[in-house]
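To keep things clear, I will list the structure first and then write my remarks on it.
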Amino acid sequence: MDNQSFIPPHRTLMGPGPSDVSERVLKAMAKPTIGHLDPVFIQMMDDTKKLLQYAFQTENELTFAVSAPGMAGMECCFANLVEPNEKVIICKNGFFGERMKENVERFGGIPIVIDDEWGTKVDLNKIEEALKANPDTKIVASVHAETSTGALSDPESITKLAHDYGCLSIVDTVTGLAGVPLMVDDWKIDAIYSGTQKCLSASPGLSPISFSKASMEKIKNRKSKVKSWFLDLNLIMSYWEGEGGRSYHHTAPINSLYGLHEALIILKEEGLENSWFRHKENHILLKDGLESMGINFLVNKEDRLPQLNAIYIPDGVNDLESRQRLLNEFNLEIGAGLGVLAGKVWRIGLMGQSSNKKNIEYCLNSLKKVI
Ligand SMILES: *Cc1c(COP(=O)(O)O)cnc(C)c1O
């Protein structure tokens with residue numbers, strides 16, 4: 001239909017992201033657009049930075065949201081921190097590790113991939129073996145919360161190990177942030193990136209990142225130029241830092257940033273620990289319900305993400321047809337399996353605003369009708 005405004009249906013979003021965006025955040029995004037160099041907007045950006053520092057639990061100066069989705073946060077870390085011919089250990093226990101490897105290759109680095117089975121956490125012993133075999137490694141990269149499998153890894157121990165061998169640690173916490181405990185400063189993580197549409201429940205399209213002093217030093221002292229103009233943090237730092245004189249780098253996505261700001265205020269109001277606790281409690285509720293239906297989890301109990309529940313599709317149930325029915329008849333979105341898990345698992349997200357008792361009840365009841 002031509003010339004008709006688009007009216008999206010009211011879905012309940014319980015997949016791997018995006019999660020439900022609250023009315024408050026949507027309203028914030030509908031506020032008037034102002035200039036991105038307007039002093040009032042810059043004030044809001046300064047506020048956003050403080051709120052992001054709270055969410056990440058860091059005092060890192062270089063903390064902000066990249067004007068593009070989580071994948072750009074990933075690319076930003078590798079573009080800035082990898083120099084040609086440097087070795088980077090990639091801990092791959094799911095879909096996103098593969099993309100890290102691609103990034104290292106594209107920026108001229110040498111990826112050393114450590115494979116862990118999909119659905120398991122990253123094995124520290126394998127990292128140490130790889131570090132011993134490759135003492136010239138510069139970076140260890142891992143995924144905190146593997147959204148493709150629902151496995152939680154231990155970035156604190158991985159970072160400690162990386163530092164013991166003189167490496168920097170890059171962590172993907174796109175799905176982790178606000179959903180499971182994360183302490184960037186206490187854990188001494190060097191570079192970390194996230195997304196807005198998972199446990200922060202803002203609209204997609206921004207990637208909060210944070211870089212330690214050691215990372216900033218490396219970026220400032222690179223031998224070669226960062227190969228991406230847009231993501232070169234040396235340029236972006238001047239936009240963010242220049243005291244009273246922010247220069248033009250790119251036009252910020254103003255209204256999306258209003259939304260992120262509001263979502264971060266909601267997180268601060270709830271309290272970070274309370275948010276972690278809510279995700280955990282709601283996961284247990286969903287798990288009990290699913291188990292009473294005879295449904296099993298992919299991941300070991302100890303290593304499960306509360307915000308991403310990967311469950312085996314019951315025998316004899318049609319994957320695509322069931323998910324289509326959930327969407328069409330119940331307005332409920334859940335996620336399909338990715339890669340080797342396609343057709344084998346469903347991924348039920350309990351992220352951010354979507355992690356609530358009403359959604360869980362609705363999801364369990366809808367599943368019962370469909371399978
Ligand atoms: C969703 C996700 C990404 C990518 O984020 P986008 O916003 O889709 O670009 C990266 N890593 C992990 C672990 C994710 O779950």
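FYI, nothing fancy with the structure tokens labels: chains A, B, ... in order, residues from 1 per chain, ligands from 1 as they appear.
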Distance query Pro32 of chain A at most 12 Å, only C-alpha atoms, self and fewer than 4 positions along chain excluded, as a list in words: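 My reading of the contact set: Lys27, Ala28, Phe41, Ile254, Asn255, Ser256 and Tyr258 of chain A.
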Grab the residues selected above and save them as a PDB file, in the first residue's frame with N, CA, C and O atoms.
```pdb
ATOM      1  N   LYS A  27       8.689   7.228  24.314  1.00  0.00           N
ATOM      2  CA  LYS A  27       8.278   8.634  24.449  1.00  0.00           C
ATOM      3  C   LYS A  27       9.489   9.554  24.406  1.00  0.00           C
ATOM      4  O   LYS A  27       9.436  10.634  23.809  1.00  0.00           O
ATOM      5  N   ALA A  28      10.558   9.128  25.061  1.00  0.00           N
ATOM      6  CA  ALA A  28      11.786   9.948  25.058  1.00  0.00           C
ATOM      7  C   ALA A  28      12.277  10.143  23.625  1.00  0.00           C
ATOM      8  O   ALA A  28      12.721  11.234  23.241  1.00  0.00           O
ATOM      9  N   PHE A  41      22.176  19.443  24.250  1.00  0.00           N
ATOM     10  CA  PHE A  41      22.388  18.056  23.825  1.00  0.00           C
ATOM     11  C   PHE A  41      23.706  17.533  24.390  1.00  0.00           C
ATOM     12  O   PHE A  41      23.783  16.405  24.877  1.00  0.00           O
ATOM     13  N   ILE A 254      20.538  11.616  17.266  1.00  0.00           N
ATOM     14  CA  ILE A 254      20.001  12.378  18.401  1.00  0.00           C
ATOM     15  C   ILE A 254      18.884  11.635  19.142  1.00  0.00           C
ATOM     16  O   ILE A 254      18.973  11.398  20.346  1.00  0.00           O
ATOM     17  N   ASN A 255      17.825  11.279  18.404  1.00  0.00           N
ATOM     18  CA  ASN A 255      16.654  10.723  19.096  1.00  0.00           C
ATOM     19  C   ASN A 255      16.914   9.324  19.658  1.00  0.00           C
ATOM     20  O   ASN A 255      16.376   8.968  20.704  1.00  0.00           O
ATOM     21  N   SER A 256      17.768   8.556  18.990  1.00  0.00           N
ATOM     22  CA  SER A 256      18.145   7.246  19.543  1.00  0.00           C
ATOM     23  C   SER A 256      18.879   7.441  20.862  1.00  0.00           C
ATOM     24  O   SER A 256      18.730   6.662  21.795  1.00  0.00           O
ATOM     25  N   TYR A 258      18.436   9.944  22.935  1.00  0.00           N
ATOM     26  CA  TYR A 258      17.430  10.258  23.975  1.00  0.00           C
ATOM     27  C   TYR A 258      16.915   8.945  24.585  1.00  0.00           C
ATOM     28  O   TYR A 258      16.715   8.832  25.787  1.00  0.00           O
TER      29      TYR A 258
END
```
Check segment 185-225 of chain A with DSSP on the backbone and list each residue it calls strand (DSSP E), as number ranges by chain. A: 191-193, 207-211
Store the residues of this selection in a file with C-alpha atoms, as a JSON list (two decimals), in the first residue's frame.
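out28.json, freshly written:
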```json
[["chain", "number", "residue", "atom", "x", "y", "z"],
["A", 191, "ALA", "CA", 38.07, -3.00, 25.91],
["A", 192, "ILE", "CA", 34.40, -3.90, 26.06],
["A", 193, "TYR", "CA", 31.39, -3.36, 23.84],
["A", 207, "SER", "CA", 26.85, 0.26, 20.82],
["A", 208, "PRO", "CA", 28.08, 1.33, 24.27],
["A", 209, "ILE", "CA", 31.83, 0.79, 24.54],
["A", 210, "SER", "CA", 34.51, 1.40, 27.16],
["A", 211, "PHE", "CA", 38.31, 1.40, 26.89]]
```
Excluding segment 281-291 of chain A and any residue of its chain fewer than 3 positions from it, enumerate the residues within 9 Å of it, using only C-alpha atoms, and give them as a ChimeraX atom specification. /A:276-278,294-297,305-309,311,350,355-357,360-361,363-364
Per residue of chain A within 8 Å of ligand 1, record the nearest atom pair and its distance in Å to one decimal, counting only C-alpha atoms and all ligand atoms, with rows in chain order and ascending residue number, as CSV.
```
residue,atom,partner,partner_atom_place_in_ligand_line,distance
A:Pro16,CA,ligand 1,15 (O),6.9
A:Gly17,CA,ligand 1,1 (C),6.5
A:Ala68,CA,ligand 1,9 (O),7.6
A:Pro69,CA,ligand 1,7 (O),3.9
A:Gly70,CA,ligand 1,5 (O),3.4
A:Met71,CA,ligand 1,9 (O),3.7
A:Ala72,CA,ligand 1,9 (O),6.5
A:Gly73,CA,ligand 1,9 (O),7.9
A:Met74,CA,ligand 1,10 (C),7.0
A:Phe96,CA,ligand 1,11 (N),5.6
A:Val143,CA,ligand 1,13 (C),6.2
A:His144,CA,ligand 1,13 (C),7.4
A:Ala145,CA,ligand 1,13 (C),5.8
A:Glu146,CA,ligand 1,13 (C),5.0
A:Thr147,CA,ligand 1,15 (O),4.5
A:Ser148,CA,ligand 1,15 (O),7.1
A:Asp172,CA,ligand 1,13 (C),6.0
A:Thr173,CA,ligand 1,13 (C),6.3
A:Val174,CA,ligand 1,12 (C),4.8
A:Thr175,CA,ligand 1,15 (O),4.9
A:Gly176,CA,ligand 1,13 (C),7.8
A:Ser194,CA,ligand 1,10 (C),7.4
A:Gly195,CA,ligand 1,7 (O),5.3
A:Thr196,CA,ligand 1,7 (O),7.1
A:Gln197,CA,ligand 1,7 (O),6.9
A:Lys198,CA,ligand 1,1 (C),7.2
A:Pro204,CA,ligand 1,7 (O),6.1
A:Gly205,CA,ligand 1,7 (O),6.2
A:Leu206,CA,ligand 1,7 (O),7.1
A:Ser207,CA,ligand 1,7 (O),7.0
```
Please, could you write that set of residues out with C-alpha atoms as a PDB file, in the first residue's frame?
```pdb
ATOM      1  CA  PRO A  16      17.712 -12.960  21.227  1.00  0.00           C
ATOM      2  CA  GLY A  17      17.027  -9.210  20.817  1.00  0.00           C
ATOM      3  CA  ALA A  68      25.854   1.969  15.120  1.00  0.00           C
ATOM      4  CA  PRO A  69      24.745  -1.443  16.466  1.00  0.00           C
ATOM      5  CA  GLY A  70      26.660  -3.999  18.523  1.00  0.00           C
ATOM      6  CA  MET A  71      28.563  -5.303  15.525  1.00  0.00           C
ATOM      7  CA  ALA A  72      30.115  -1.836  15.124  1.00  0.00           C
ATOM      8  CA  GLY A  73      31.223  -1.981  18.763  1.00  0.00           C
ATOM      9  CA  MET A  74      32.961  -5.263  17.967  1.00  0.00           C
ATOM     10  CA  PHE A  96      30.009 -14.416  17.694  1.00  0.00           C
ATOM     11  CA  VAL A 143      32.248 -13.328  24.595  1.00  0.00           C
ATOM     12  CA  HIS A 144      30.792 -12.757  28.063  1.00  0.00           C
ATOM     13  CA  ALA A 145      27.267 -13.889  27.180  1.00  0.00           C
ATOM     14  CA  GLU A 146      27.015 -16.063  24.030  1.00  0.00           C
ATOM     15  CA  THR A 147      23.597 -15.219  22.667  1.00  0.00           C
ATOM     16  CA  SER A 148      23.767 -18.028  20.128  1.00  0.00           C
ATOM     17  CA  ASP A 172      31.816  -8.801  24.030  1.00  0.00           C
ATOM     18  CA  THR A 173      29.060  -8.069  26.526  1.00  0.00           C
ATOM     19  CA  VAL A 174      26.333  -7.163  24.040  1.00  0.00           C
ATOM     20  CA  THR A 175      23.920  -9.495  25.812  1.00  0.00           C
ATOM     21  CA  GLY A 176      25.667  -9.438  29.192  1.00  0.00           C
ATOM     22  CA  SER A 194      27.660  -3.844  24.221  1.00  0.00           C
ATOM     23  CA  GLY A 195      24.361  -3.125  22.492  1.00  0.00           C
ATOM     24  CA  THR A 196      21.247  -1.189  23.351  1.00  0.00           C
ATOM     25  CA  GLN A 197      18.535  -3.659  22.340  1.00  0.00           C
ATOM     26  CA  LYS A 198      19.288  -6.544  24.681  1.00  0.00           C
ATOM     27  CA  PRO A 204      18.695  -1.044  18.383  1.00  0.00           C
ATOM     28  CA  GLY A 205      21.411   0.880  16.617  1.00  0.00           C
ATOM     29  CA  LEU A 206      23.881   2.011  19.279  1.00  0.00           C
ATOM     30  CA  SER A 207      26.848   0.260  20.825  1.00  0.00           C
TER      31      SER A 207
END
```
Find the spatial neighbours of Asn365 of chain A, counting only C-alpha atoms, within a cut-off of 12 Å - ignore same-chain residues fewer than 6 positions away - and output them as a VMD selection string. chain A and resid 286 289 to 290 293 326 330 332 358 to 359 371
Create the file for the chosen residues now, containing N, CA, C and O atoms and written as a tab-separated table (two decimals), in the first residue's frame.
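The resulting file, out-v8.tsv, is reproduced below:
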```tsv
chain	number	residue	atom	x	y	z
A	286	LEU	N	10.94	-19.20	34.55
A	286	LEU	CA	10.76	-19.76	33.21
A	286	LEU	C	11.26	-21.20	33.15
A	286	LEU	O	10.60	-22.09	32.59
A	289	GLY	N	8.90	-23.65	34.71
A	289	GLY	CA	7.76	-23.86	33.83
A	289	GLY	C	8.09	-24.77	32.66
A	289	GLY	O	7.33	-25.68	32.30
A	290	LEU	N	9.24	-24.51	32.04
A	290	LEU	CA	9.64	-25.31	30.88
A	290	LEU	C	9.93	-26.75	31.28
A	290	LEU	O	9.53	-27.70	30.60
A	293	MET	N	7.11	-28.92	31.60
A	293	MET	CA	6.58	-29.35	30.31
A	293	MET	C	7.49	-30.41	29.67
A	293	MET	O	7.27	-30.82	28.53
A	326	LEU	N	3.46	-18.94	16.87
A	326	LEU	CA	3.66	-18.06	18.03
A	326	LEU	C	3.58	-16.60	17.60
A	326	LEU	O	2.95	-15.76	18.26
A	330	PHE	N	-0.07	-15.41	18.42
A	330	PHE	CA	0.16	-14.93	19.79
A	330	PHE	C	0.99	-13.64	19.85
A	330	PHE	O	1.27	-13.14	20.94
A	332	LEU	N	3.99	-13.34	19.57
A	332	LEU	CA	5.13	-13.64	20.44
A	332	LEU	C	6.33	-14.06	19.60
A	332	LEU	O	6.25	-15.00	18.81
A	358	LYS	N	4.78	-11.49	33.72
A	358	LYS	CA	3.67	-11.54	32.77
A	358	LYS	C	4.13	-12.20	31.46
A	358	LYS	O	3.44	-13.07	30.91
A	359	ASN	N	5.29	-11.79	30.96
A	359	ASN	CA	5.82	-12.37	29.73
A	359	ASN	C	6.06	-13.87	29.89
A	359	ASN	O	5.79	-14.65	28.97
A	371	ILE	N	2.73	-26.52	20.95
A	371	ILE	CA	3.49	-27.78	20.81
A	371	ILE	C	2.72	-28.99	21.36
A	371	ILE	O	1.74	-28.85	22.04
```
Work out how far apart atom CA of Arg304 of chain A and atom CA of Asp190 of chain A are and give it in Å to one decimal.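 Interatomic distance here is 24.7 Å.
Nearest residue to Lys132 of chain A, choosing from A:Asp164, A:Glu302, A:Glu321, A:Glu102 and counting only C-alpha atoms: A:Asp164.
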Smallest atom-to-atom distance to Met183 of chain A: which of A:Ser203, A:Asn103, A:Ser238, A:Gln53, using only C-alpha atoms?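 Using only C-alpha atoms, Met183 of chain A sits closest to A:Gln53.
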